[in-house]
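One file, query-v2.cif, is given below (mmCIF, C-alpha atoms).
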```
data_structure
loop_
_atom_site.label_atom_id
_atom_site.label_comp_id
_atom_site.auth_asym_id
_atom_site.auth_seq_id
_atom_site.Cartn_x
_atom_site.Cartn_y
_atom_site.Cartn_z
CA MET A 1 77.85 125.92 266.98
CA SER A 2 79.21 122.55 268.12
CA GLU A 3 78.03 119.26 266.66
CA PRO A 4 75.65 117.15 268.82
CA THR A 5 77.49 114.49 270.80
CA LEU A 6 76.41 110.87 271.27
CA LYS A 7 75.19 111.84 274.74
CA ASP A 8 72.98 114.54 273.21
CA TRP A 9 71.48 112.07 270.74
CA VAL A 10 70.75 109.57 273.52
CA ALA A 11 69.07 112.27 275.63
CA LYS A 12 67.03 113.39 272.63
CA LEU A 13 65.95 109.80 271.91
CA LYS A 14 64.84 109.30 275.53
CA ASN A 15 62.55 112.34 275.28
CA SER A 16 61.20 111.51 271.82
CA ASP A 17 57.81 110.16 270.80
CA VAL A 18 59.55 106.89 269.89
CA ALA A 19 60.74 106.41 273.47
CA ARG A 20 57.29 107.25 274.84
CA GLY A 21 55.77 104.81 272.39
CA ILE A 22 58.13 102.06 273.54
CA ASP A 23 57.17 102.79 277.16
CA GLU A 24 53.49 102.52 276.27
CA ILE A 25 54.07 99.20 274.50
CA HIS A 26 55.90 97.93 277.58
CA THR A 27 52.93 98.98 279.75
CA LEU A 28 50.50 97.38 277.28
CA VAL A 29 52.31 94.05 277.35
CA ARG A 30 53.18 93.97 281.05
CA ARG A 31 50.08 95.43 282.68
CA ASP A 32 47.13 95.87 280.30
CA ALA A 33 47.52 92.47 278.61
CA GLN A 34 47.81 90.80 282.01
CA LYS A 35 44.65 92.55 283.21
CA ALA A 36 42.76 91.51 280.07
CA TYR A 37 43.94 87.91 280.43
CA SER A 38 42.87 87.80 284.08
CA PHE A 39 39.49 89.32 283.17
CA TYR A 40 38.70 86.68 280.55
CA GLN A 41 40.37 83.87 282.47
CA GLN A 42 38.18 84.31 285.55
CA GLU A 43 34.97 83.38 283.73
CA GLY A 44 36.41 81.11 281.06
CA HIS A 45 38.21 78.76 283.44
CA ALA A 46 35.15 78.36 285.66
CA ASP A 47 33.53 76.06 283.11
CA ALA A 48 36.67 74.55 281.57
CA THR A 49 38.64 71.42 282.39
CA ILE A 50 42.34 72.31 282.37
CA PRO A 51 44.92 69.47 282.22
CA GLU A 52 47.62 69.63 284.88
CA LYS A 53 50.52 69.65 282.41
CA GLY A 54 51.56 69.16 278.78
CA VAL A 55 50.73 70.98 275.56
CA GLY A 56 47.03 70.32 276.15
CA ARG A 57 47.17 72.61 279.18
CA TYR A 58 48.15 75.63 277.06
CA ALA A 59 45.57 74.76 274.40
CA ALA A 60 42.85 74.46 277.06
CA HIS A 61 43.87 77.83 278.53
CA ALA A 62 43.70 79.47 275.10
CA LYS A 63 40.31 77.90 274.36
CA ALA A 64 38.85 78.95 277.69
CA VAL A 65 40.01 82.55 277.29
CA PHE A 66 38.79 82.73 273.67
CA LEU A 67 35.32 81.39 274.55
CA SER A 68 35.11 83.82 277.46
CA PHE A 69 35.99 86.65 275.07
CA LEU A 70 33.20 85.57 272.68
CA ARG A 71 30.67 85.48 275.52
CA LYS A 72 31.55 89.07 276.45
CA LEU A 73 30.58 90.30 272.97
CA SER A 74 26.97 91.19 272.16
CA PRO A 75 25.19 88.69 269.86
CA ALA A 76 25.48 91.00 266.83
CA ARG A 77 29.18 91.66 267.42
CA ARG A 78 29.81 87.99 268.04
CA ILE A 79 28.32 87.13 264.64
CA ALA A 80 30.32 89.91 262.97
CA TYR A 81 33.54 88.78 264.66
CA ILE A 82 33.06 85.12 263.63
CA ALA A 83 32.14 86.24 260.09
CA SER A 84 35.33 88.31 259.84
CA ILE A 85 37.48 85.37 260.98
CA ALA A 86 35.69 83.08 258.50
CA ALA A 87 36.10 85.57 255.63
CA PHE A 88 39.78 86.04 256.39
CA ALA A 89 40.38 82.27 256.65
CA TRP A 90 38.45 81.63 253.42
CA GLY A 91 40.43 84.28 251.56
CA PHE A 92 43.73 82.88 252.85
CA VAL A 93 42.91 79.25 251.94
CA GLN A 94 41.41 80.08 248.54
CA ARG A 95 44.00 82.80 247.81
CA ASP A 96 41.06 85.15 247.29
CA TRP A 97 42.31 88.34 248.89
CA THR A 98 38.89 89.96 248.54
CA GLY A 99 37.63 87.77 251.38
CA ALA A 100 40.71 88.56 253.48
CA VAL A 101 40.20 92.31 252.95
CA VAL A 102 36.49 92.01 253.88
CA GLY A 103 37.44 90.15 257.06
CA PHE A 104 40.08 92.76 257.85
CA LEU A 105 37.59 95.62 257.37
CA ILE A 106 34.96 93.98 259.60
CA LEU A 107 37.55 93.50 262.35
CA ASN A 108 38.58 97.15 262.12
CA VAL A 109 34.97 98.35 262.27
CA LEU A 110 34.46 96.25 265.42
CA LEU A 111 37.68 97.64 266.87
CA ALA A 112 36.60 101.22 266.11
CA ILE A 113 33.23 100.67 267.83
CA GLU A 114 34.85 99.11 270.90
CA LEU A 115 37.40 101.94 271.06
CA ALA A 116 34.67 104.61 270.85
CA GLU A 117 32.75 102.95 273.69
CA LYS A 118 35.91 102.67 275.78
CA LEU A 119 36.74 106.35 275.29
CA LEU A 120 33.19 107.38 276.22
CA THR A 121 33.36 105.22 279.34
CA LYS A 122 36.76 106.67 280.20
CA ASP A 123 35.37 110.20 279.91
CA GLU A 124 32.53 109.26 282.27
CA LEU A 125 35.01 107.65 284.68
CA GLU A 126 37.13 110.80 284.63
CA ILE A 127 34.06 112.86 285.54
CA ALA A 128 33.28 110.40 288.34
CA ARG A 129 36.89 110.67 289.56
CA VAL A 130 36.71 114.48 289.65
CA ILE A 131 33.42 114.32 291.57
CA GLN A 132 34.80 111.79 294.07
CA PHE A 133 37.94 113.82 294.74
CA SER A 134 35.85 117.00 295.11
CA LEU A 135 33.75 115.35 297.84
CA TYR A 136 36.79 114.56 299.98
CA PRO A 137 38.54 117.30 301.99
CA ALA A 138 40.26 119.70 299.58
CA THR A 139 42.83 120.65 302.22
CA ASN A 140 43.80 119.38 305.63
CA PRO A 141 42.16 121.36 308.45
CA THR A 142 44.27 123.90 310.33
CA LEU A 143 43.59 123.33 314.02
CA LYS A 144 44.92 124.87 317.20
CA HIS A 145 45.35 121.57 319.04
CA LEU A 146 45.88 119.04 316.24
CA ASP A 147 48.16 118.64 313.23
CA VAL A 148 46.46 116.67 310.39
CA ALA A 149 47.77 115.19 307.12
CA SER A 150 46.02 112.92 304.62
CA TYR A 151 46.60 110.90 301.43
CA PHE A 152 44.15 109.23 299.04
CA GLN A 153 45.01 107.23 295.91
CA PRO A 154 42.44 104.95 294.23
CA ALA A 155 43.81 101.86 292.48
CA HIS A 156 41.59 102.60 289.46
CA ASP A 157 39.87 105.75 288.17
CA VAL A 158 37.53 105.76 291.16
CA GLY A 159 37.86 103.88 294.42
CA GLY A 160 36.01 102.38 297.35
CA ASP A 161 38.03 104.11 300.06
CA LEU A 162 36.75 107.19 301.84
CA TYR A 163 37.91 109.60 304.48
CA ASP A 164 36.52 112.79 305.94
CA PHE A 165 36.79 115.16 308.91
CA ALA A 166 34.30 117.00 311.09
CA LEU A 167 34.97 119.74 313.61
CA ASP A 168 32.71 120.63 316.54
CA GLY A 169 33.95 124.12 317.36
CA ASN A 170 37.13 123.94 319.42
CA ARG A 171 35.82 121.01 321.45
CA ARG A 172 36.37 117.93 319.33
CA PHE A 173 37.63 116.67 315.99
CA THR A 174 36.13 113.59 314.28
CA VAL A 175 37.80 111.52 311.56
CA ILE A 176 36.34 108.63 309.55
CA LEU A 177 38.07 106.16 307.25
CA GLY A 178 36.18 103.51 305.30
CA ASP A 179 36.84 100.79 302.77
CA VAL A 180 34.12 99.25 300.61
CA SER A 181 34.61 95.63 299.56
CA GLY A 182 35.46 95.48 295.87
CA LYS A 183 36.74 98.22 293.60
CA GLY A 184 35.62 100.56 290.86
CA ILE A 185 32.30 102.34 290.38
CA PRO A 186 30.03 100.21 292.66
CA ALA A 187 32.48 100.57 295.56
CA ALA A 188 32.84 104.31 294.89
CA LEU A 189 29.06 104.80 295.01
CA TYR A 190 28.78 103.06 298.38
CA ALA A 191 31.75 105.06 299.66
CA MET A 192 30.05 108.32 298.71
CA LYS A 193 26.84 107.14 300.39
CA LEU A 194 28.71 106.48 303.65
CA GLN A 195 30.49 109.82 303.43
CA ALA A 196 27.15 111.62 302.98
CA LEU A 197 25.91 109.98 306.19
CA PHE A 198 29.07 111.09 307.98
CA GLU A 199 28.46 114.66 306.80
CA LEU A 200 25.10 114.50 308.63
CA LEU A 201 26.27 112.70 311.78
CA GLY A 202 29.85 113.89 312.26
CA LYS A 203 29.07 117.45 313.27
CA GLY A 204 26.81 116.48 316.18
CA SER A 205 27.64 115.25 319.66
CA ILE A 206 26.99 111.59 318.83
CA GLY A 207 29.78 109.13 319.78
CA PRO A 208 31.67 106.95 317.27
CA LYS A 209 29.86 103.73 318.20
CA ASP A 210 26.41 105.28 317.86
CA MET A 211 27.52 106.92 314.63
CA LEU A 212 28.46 103.55 313.11
CA ILE A 213 25.17 102.03 314.32
CA GLU A 214 23.21 104.82 312.61
CA MET A 215 25.20 104.30 309.40
CA ASN A 216 24.59 100.56 309.48
CA ASP A 217 20.84 101.04 310.01
CA VAL A 218 20.66 103.06 306.79
CA ILE A 219 23.14 101.18 304.61
CA SER A 220 22.26 97.59 305.59
CA GLU A 221 18.79 98.11 304.10
CA ARG A 222 20.22 99.19 300.74
CA ILE A 223 23.56 97.47 300.20
CA GLU A 224 23.83 94.42 297.91
CA LYS A 225 24.48 91.09 299.64
CA ASN A 226 28.00 90.66 298.24
CA TYR A 227 29.14 94.07 299.53
CA PHE A 228 30.06 95.41 302.96
CA ILE A 229 31.98 98.40 304.32
CA THR A 230 34.68 98.48 306.96
CA ALA A 231 35.05 101.79 308.78
CA VAL A 232 36.74 103.39 311.77
CA VAL A 233 35.57 106.55 313.52
CA GLY A 234 37.80 108.42 315.95
CA VAL A 235 36.79 111.42 318.05
CA VAL A 236 39.58 113.54 319.55
CA ASP A 237 38.22 115.47 322.53
CA PHE A 238 40.48 118.48 323.09
CA GLN A 239 39.07 119.36 326.50
CA ARG A 240 39.49 115.85 327.93
CA LYS A 241 42.66 115.19 325.91
CA ALA A 242 41.34 111.79 324.92
CA LEU A 243 40.45 109.71 321.89
CA VAL A 244 37.18 107.77 321.64
CA LEU A 245 37.33 105.14 318.90
CA ALA A 246 34.96 102.59 317.36
CA ARG A 247 35.84 100.18 314.57
CA ALA A 248 33.46 98.39 312.19
CA GLY A 249 35.82 95.65 311.06
CA HIS A 250 38.42 98.11 309.79
CA ASN A 251 42.22 97.92 310.09
CA HIS A 252 43.48 98.67 313.59
CA PRO A 253 44.64 102.30 313.99
CA LEU A 254 48.12 102.81 315.42
CA HIS A 255 48.77 105.09 318.41
CA TYR A 256 52.18 106.48 319.29
CA SER A 257 52.55 107.69 322.89
CA ALA A 258 55.04 110.53 323.30
CA ARG A 259 55.22 109.93 327.05
CA THR A 260 56.40 106.32 326.75
CA GLY A 261 57.92 106.40 323.25
CA THR A 262 55.96 103.24 322.34
CA THR A 263 53.21 102.31 319.89
CA GLU A 264 49.95 100.43 320.41
CA TRP A 265 47.46 98.97 317.96
CA LEU A 266 43.91 100.00 318.91
CA LYS A 267 41.61 96.97 318.57
CA PRO A 268 38.01 97.55 319.66
CA ALA A 269 35.74 94.77 318.40
CA GLY A 270 33.34 95.27 315.52
CA ILE A 271 32.14 93.89 312.17
CA GLY A 272 31.68 95.52 308.78
CA ILE A 273 28.74 97.77 307.98
CA GLY A 274 26.08 95.81 306.10
CA MET A 275 27.03 92.42 307.54
CA GLN A 276 24.38 92.45 310.29
CA LYS A 277 21.12 94.32 310.73
CA GLY A 278 19.52 95.90 313.78
CA PRO A 279 20.69 95.44 317.39
CA ARG A 280 23.02 92.54 316.51
CA PHE A 281 25.40 94.96 314.78
CA GLY A 282 25.57 97.32 317.77
CA GLY A 283 25.97 94.40 320.17
CA LEU A 284 29.22 93.45 318.41
CA LEU A 285 30.69 96.99 318.50
CA GLU A 286 33.03 98.27 321.18
CA GLU A 287 34.34 101.72 321.99
CA THR A 288 37.85 102.29 323.29
CA HIS A 289 39.12 105.35 325.18
CA VAL A 290 42.74 106.47 324.96
CA ASP A 291 44.32 109.31 326.96
CA LEU A 292 46.34 111.66 324.76
CA ALA A 293 49.27 113.97 325.42
CA PRO A 294 51.14 116.53 323.29
CA GLY A 295 53.26 114.73 320.71
CA ASP A 296 50.95 111.70 320.48
CA VAL A 297 50.36 110.44 316.93
CA LEU A 298 47.35 108.55 315.55
CA LEU A 299 47.71 106.66 312.28
CA PHE A 300 44.55 105.72 310.34
CA TYR A 301 44.89 103.82 307.06
CA THR A 302 43.28 101.32 304.69
CA ASP A 303 44.73 97.97 303.65
CA GLY A 304 46.00 99.46 300.39
CA ILE A 305 48.85 100.79 302.54
CA SER A 306 49.48 97.83 304.85
CA GLU A 307 49.06 95.25 302.09
CA ALA A 308 50.95 97.06 299.31
CA MET A 309 52.85 94.39 297.38
CA ASN A 310 56.33 94.28 295.90
CA ALA A 311 57.37 92.34 292.79
CA SER A 312 57.67 89.14 294.89
CA ASP A 313 54.03 89.45 296.08
CA GLU A 314 55.15 90.21 299.62
CA PRO A 315 52.99 92.63 301.66
CA TYR A 316 54.44 95.79 303.19
CA GLY A 317 53.13 94.69 306.59
CA TYR A 318 52.22 96.11 309.97
CA ASP A 319 55.65 95.69 311.53
CA GLU A 320 57.16 98.04 308.96
CA MET A 321 54.42 100.61 309.56
CA GLU A 322 55.16 100.49 313.27
CA ARG A 323 58.91 100.85 312.68
CA VAL A 324 58.43 103.87 310.39
CA LEU A 325 56.12 105.60 312.87
CA LEU A 326 58.57 105.06 315.73
CA SER A 327 61.40 106.55 313.68
CA SER A 328 59.42 109.58 312.47
CA ALA A 329 57.05 110.39 315.36
CA HIS A 330 59.08 113.50 316.25
CA LEU A 331 58.21 115.04 312.85
CA SER A 332 55.09 116.94 311.81
CA ALA A 333 51.98 115.02 310.69
CA ASN A 334 52.72 115.79 307.04
CA ASP A 335 56.35 114.69 307.34
CA ILE A 336 55.28 111.46 309.06
CA LYS A 337 52.88 110.85 306.17
CA GLU A 338 55.59 111.53 303.58
CA HIS A 339 58.05 109.34 305.48
CA LEU A 340 55.61 106.42 305.47
CA LEU A 341 54.62 106.83 301.81
CA ARG A 342 58.29 107.01 300.81
CA SER A 343 58.91 103.78 302.72
CA VAL A 344 55.97 102.10 300.94
CA ASP A 345 57.22 103.31 297.53
CA GLU A 346 60.72 101.99 298.20
CA PHE A 347 59.23 98.65 299.18
CA ARG A 348 56.98 98.41 296.09
CA ARG A 349 59.79 99.36 293.67
CA GLY A 350 57.37 100.40 290.94
CA THR A 351 54.73 97.71 291.54
CA PRO A 352 51.36 99.52 291.28
CA PHE A 353 48.93 99.62 294.19
CA ALA A 354 46.57 96.65 293.90
CA ASP A 355 44.01 98.32 296.16
CA ASP A 356 42.91 101.84 297.03
CA ALA A 357 45.33 103.48 299.45
CA THR A 358 44.23 106.01 302.07
CA LEU A 359 46.16 107.42 305.00
CA VAL A 360 45.36 109.98 307.71
CA VAL A 361 47.95 111.09 310.28
CA THR A 362 47.03 113.23 313.29
CA LYS A 363 49.44 114.61 315.88
CA LEU A 364 48.44 116.35 319.08
CA LYS A 365 50.12 119.72 319.47
#
```
Is it possible to give me this structure as structure tokens?
Amino acid sequence: MSEPTLKDWVAKLKNSDVARGIDEIHTLVRRDAQKAYSFYQQEGHADATIPEKGVGRYAAHAKAVFLSFLRKLSPARRIAYIASIAAFAWGFVQRDWTGAVVGFLILNVLLAIELAEKLLTKDELEIARVIQFSLYPATNPTLKHLDVASYFQPAHDVGGDLYDFALDGNRRFTVILGDVSGKGIPAALYAMKLQALFELLGKGSIGPKDMLIEMNDVISERIEKNYFITAVVGVVDFQRKALVLARAGHNHPLHYSARTGTTEWLKPAGIGIGMQKGPRFGGLLEETHVDLAPGDVLLFYTDGISEAMNASDEPYGYDEMERVLLSSAHLSANDIKEHLLRSVDEFRRGTPFADDATLVVTKLK
């Protein structure tokens, strides 16, 4: 049996627990610490006066973040935390290591409690994630006249994006995409509410504009003032070979025409669900009709795709989406989707999605 070479040792090290631990530390420092700093900074700096430059600027930043951290603790934990710092400082100054040990133990008890709560919350979030994914289409529909592919990736455990399909026999196919303002659990709950309404409305003969009006009538009475939902509903009529589209403030879908070999952004007017009540909402909505032919492609997406950022904080952009669709329109819907996602990944170069990313590609057979 030959002796392990240097190459073997390097490969073994890369796959070891030590290497994985180093990767986790890198993630902790680069991503988690930055998130925590931003979380505490947002509230702390609102009430603080930060000098423009000098050493005082860094001290003011540190003070603001520390005070924000204290305010996030419950009163009992705040007292325990301050007591632990005081005990540790007293023991250090007086060279009484009993006080330092007491302070250290109190800090570790607080850390253990916070960790237990975080793990419980993470378990609940994982359950919420499973439920959310189970509510969305498990597979893409297999249709005689239409090729369909989809992608959904929340930025956090759960997301505020939604998509769904409805089929009315062999006559028409309806797709909805939505994006709730904000992220996390509140956005996910509103997204599931809108999807439930689509489940009721999408299988009927109602048009996309009327569907959005019905959704707004229900949701605008219940949604919090600082939330709204953008959505787009498209109905592909197989008999008429046409698309009927309405847009409630959502990103413009992209249409590729096989007859002309060109693309067009579809821009019917409309505002987000929950921003206006009653007839005023419907009065601002438009429907657009587009003739379709075999080979035509429709691209529906949320801004997590179009505004995906690279390390230089540059957005992926609409021009690049258009270029990718033009170069891949001859492929199947799934291959077009993969082509676009690969282009986005190459642009991001490892930068995580800052927002939920959803994509639906349809191609007329």
Applied to this file, what does the PyMOL selection byres ((chain A and resi 277) around 12) return in terms of residues, put as a PDB file with C-alpha atoms, in the coordinates of the input?
```
ATOM      1  CA  ILE A 213      25.170 102.030 314.320  1.00  0.00           C
ATOM      2  CA  GLU A 214      23.210 104.820 312.610  1.00  0.00           C
ATOM      3  CA  MET A 215      25.200 104.300 309.400  1.00  0.00           C
ATOM      4  CA  ASN A 216      24.590 100.560 309.480  1.00  0.00           C
ATOM      5  CA  ASP A 217      20.840 101.040 310.010  1.00  0.00           C
ATOM      6  CA  VAL A 218      20.660 103.060 306.790  1.00  0.00           C
ATOM      7  CA  ILE A 219      23.140 101.180 304.610  1.00  0.00           C
ATOM      8  CA  SER A 220      22.260  97.590 305.590  1.00  0.00           C
ATOM      9  CA  GLU A 221      18.790  98.110 304.100  1.00  0.00           C
ATOM     10  CA  ARG A 222      20.220  99.190 300.740  1.00  0.00           C
ATOM     11  CA  ILE A 223      23.560  97.470 300.200  1.00  0.00           C
ATOM     12  CA  PHE A 228      30.060  95.410 302.960  1.00  0.00           C
ATOM     13  CA  ILE A 271      32.140  93.890 312.170  1.00  0.00           C
ATOM     14  CA  GLY A 272      31.680  95.520 308.780  1.00  0.00           C
ATOM     15  CA  ILE A 273      28.740  97.770 307.980  1.00  0.00           C
ATOM     16  CA  GLY A 274      26.080  95.810 306.100  1.00  0.00           C
ATOM     17  CA  MET A 275      27.030  92.420 307.540  1.00  0.00           C
ATOM     18  CA  GLN A 276      24.380  92.450 310.290  1.00  0.00           C
ATOM     19  CA  GLY A 278      19.520  95.900 313.780  1.00  0.00           C
ATOM     20  CA  PRO A 279      20.690  95.440 317.390  1.00  0.00           C
ATOM     21  CA  ARG A 280      23.020  92.540 316.510  1.00  0.00           C
ATOM     22  CA  PHE A 281      25.400  94.960 314.780  1.00  0.00           C
ATOM     23  CA  GLY A 282      25.570  97.320 317.770  1.00  0.00           C
ATOM     24  CA  GLY A 283      25.970  94.400 320.170  1.00  0.00           C
ATOM     25  CA  LEU A 284      29.220  93.450 318.410  1.00  0.00           C
TER      26      LEU A 284
END
```
Next item on the list: In the coordinates of the file, take the point (27.0, 102.0, 320.9) and a cut-off of 9 Å; then, counting all atoms listed in the file, name each qualifying protein, DNA or RNA residue as a ChimeraX atom specification.
Entry: /A:207-213,246,282-283,285-287
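Proximity to Ala86 of chain A was assessed for A:Ala116, A:Ala100, A:Ile176, A:Met192 counting only C-alpha atoms; the smallest distance is recorded for A:Ala100.
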Leaving out Glu307 of chain A and any residue of its chain fewer than 3 positions from it, which residues lie within 7 Å of it when counting all atoms listed in the file, given as a CSV table (one decimal) with C-alpha atoms, in the frame of the given file?
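Contents of the output file result.csv:
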```csv
chain,number,residue,atom,x,y,z
A,303,ASP,CA,44.7,98.0,303.6
A,304,GLY,CA,46.0,99.5,300.4
A,315,PRO,CA,53.0,92.6,301.7
A,316,TYR,CA,54.4,95.8,303.2
A,317,GLY,CA,53.1,94.7,306.6
```
Checklist line | Residues returned when the PyMOL selection byres ((chain A and resi 88) around 12) runs on this file, as a list in words | finding: Tyr81, Ile82, Ala83, Ser84, Ile85, Ala86, Ala87, Ala89, Trp90, Gly91, Phe92, Val93, Gln94, Arg95, Asp96, Trp97, Thr98, Gly99, Ala100, Val101, Val102, Gly103, Phe104, Leu105, Ile106 and Leu107 of chain A
Please produce a file of those selected residues containing C-alpha atoms, as a PDB file, keeping the file's coordinate frame.
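Printed below is again_34.pdb as written:
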```pdb
ATOM      1  CA  TYR A  81      33.540  88.780 264.660  1.00  0.00           C
ATOM      2  CA  ILE A  82      33.060  85.120 263.630  1.00  0.00           C
ATOM      3  CA  ALA A  83      32.140  86.240 260.090  1.00  0.00           C
ATOM      4  CA  SER A  84      35.330  88.310 259.840  1.00  0.00           C
ATOM      5  CA  ILE A  85      37.480  85.370 260.980  1.00  0.00           C
ATOM      6  CA  ALA A  86      35.690  83.080 258.500  1.00  0.00           C
ATOM      7  CA  ALA A  87      36.100  85.570 255.630  1.00  0.00           C
ATOM      8  CA  ALA A  89      40.380  82.270 256.650  1.00  0.00           C
ATOM      9  CA  TRP A  90      38.450  81.630 253.420  1.00  0.00           C
ATOM     10  CA  GLY A  91      40.430  84.280 251.560  1.00  0.00           C
ATOM     11  CA  PHE A  92      43.730  82.880 252.850  1.00  0.00           C
ATOM     12  CA  VAL A  93      42.910  79.250 251.940  1.00  0.00           C
ATOM     13  CA  GLN A  94      41.410  80.080 248.540  1.00  0.00           C
ATOM     14  CA  ARG A  95      44.000  82.800 247.810  1.00  0.00           C
ATOM     15  CA  ASP A  96      41.060  85.150 247.290  1.00  0.00           C
ATOM     16  CA  TRP A  97      42.310  88.340 248.890  1.00  0.00           C
ATOM     17  CA  THR A  98      38.890  89.960 248.540  1.00  0.00           C
ATOM     18  CA  GLY A  99      37.630  87.770 251.380  1.00  0.00           C
ATOM     19  CA  ALA A 100      40.710  88.560 253.480  1.00  0.00           C
ATOM     20  CA  VAL A 101      40.200  92.310 252.950  1.00  0.00           C
ATOM     21  CA  VAL A 102      36.490  92.010 253.880  1.00  0.00           C
ATOM     22  CA  GLY A 103      37.440  90.150 257.060  1.00  0.00           C
ATOM     23  CA  PHE A 104      40.080  92.760 257.850  1.00  0.00           C
ATOM     24  CA  LEU A 105      37.590  95.620 257.370  1.00  0.00           C
ATOM     25  CA  ILE A 106      34.960  93.980 259.600  1.00  0.00           C
ATOM     26  CA  LEU A 107      37.550  93.500 262.350  1.00  0.00           C
TER      27      LEU A 107
END
```
Next item on the list: Specify as a list in words each residue included when the PyMOL selection byres ((chain A and resi 249-256) around 6) is applied to this file.
Entry: Thr230, Ala231, Val232, Arg247, Ala248, Ser257, Thr262, Thr263, Glu264, Trp265, Leu266, Lys267, Gly270, Ile271, Gly272, Asp296, Val297, Leu298, Leu299 and Phe300 of chain A
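When all atoms listed in the file are used to compute distances to Leu143 of chain A, the closest of the residues A:Gln195, A:Gln239, A:Ser328, A:Thr362 turns out to be A:Thr362.
Across the model, the gap from atom CA of Glu114 of chain A to atom CA of Ile79 of chain A is 15.0 Å.
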Item checked: Contacts of Gln132 of chain A at 9 Å (all atoms listed in the file; same-chain gap of 6+ positions) as a ChimeraX atom specification -> /A:158-159,188,192
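All protein and nucleic acid residues in the vicinity of (37.6, 101.7, 302.1), that is within 7 Å when counting all atoms listed in the file, are Gly160, Asp161, Leu162, Leu177, Gly178, Asp179, Val180, Ile229, Thr230 and Thr302 of chain A.
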Could you write out the selected residues, including C-alpha atoms, as a compact mmCIF listing (two decimals), in the coordinates of the input?
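Done, and the output landed in result.txt:
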```txt
# COMPACT_ATOMS: atom_id res chain seq x y z
CA GLY A 160 36.01 102.38 297.35
CA ASP A 161 38.03 104.11 300.06
CA LEU A 162 36.75 107.19 301.84
CA LEU A 177 38.07 106.16 307.25
CA GLY A 178 36.18 103.51 305.30
CA ASP A 179 36.84 100.79 302.77
CA VAL A 180 34.12 99.25 300.61
CA ILE A 229 31.98 98.40 304.32
CA THR A 230 34.68 98.48 306.96
CA THR A 302 43.28 101.32 304.69
```
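Note that the spacing between atom CA of Ser74 of chain A and atom CA of Thr121 of chain A amounts to 17.0 Å.
Straight-line separation from atom CA of Gly182 of chain A to atom CA of Ala333 of chain A: 29.6 Å.
With all atoms listed in the file as the basis for measurement, A:Asn170 is the residue among A:Arg323, A:Leu189, A:His339, A:Asn170 that approaches Thr142 of chain A most closely.
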Check: With all atoms listed in the file as the atoms that count, which of A:Tyr227, A:Glu126, A:Ala62, A:Arg348 lies nearest to Tyr190 of chain A?
Finding: A:Tyr227
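With all atoms listed in the file as the atoms that count, the minimum distance from Val148 of chain A to the choices A:Lys183, A:Lys337, A:Lys122, A:Arg349 is reached by A:Lys337.
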Next item on the list: Considering all atoms listed in the file, state which residue in the set A:Met309, A:Leu73, A:Val175, A:Ile185 is at the smallest distance from Val244 of chain A.
Entry: A:Val175
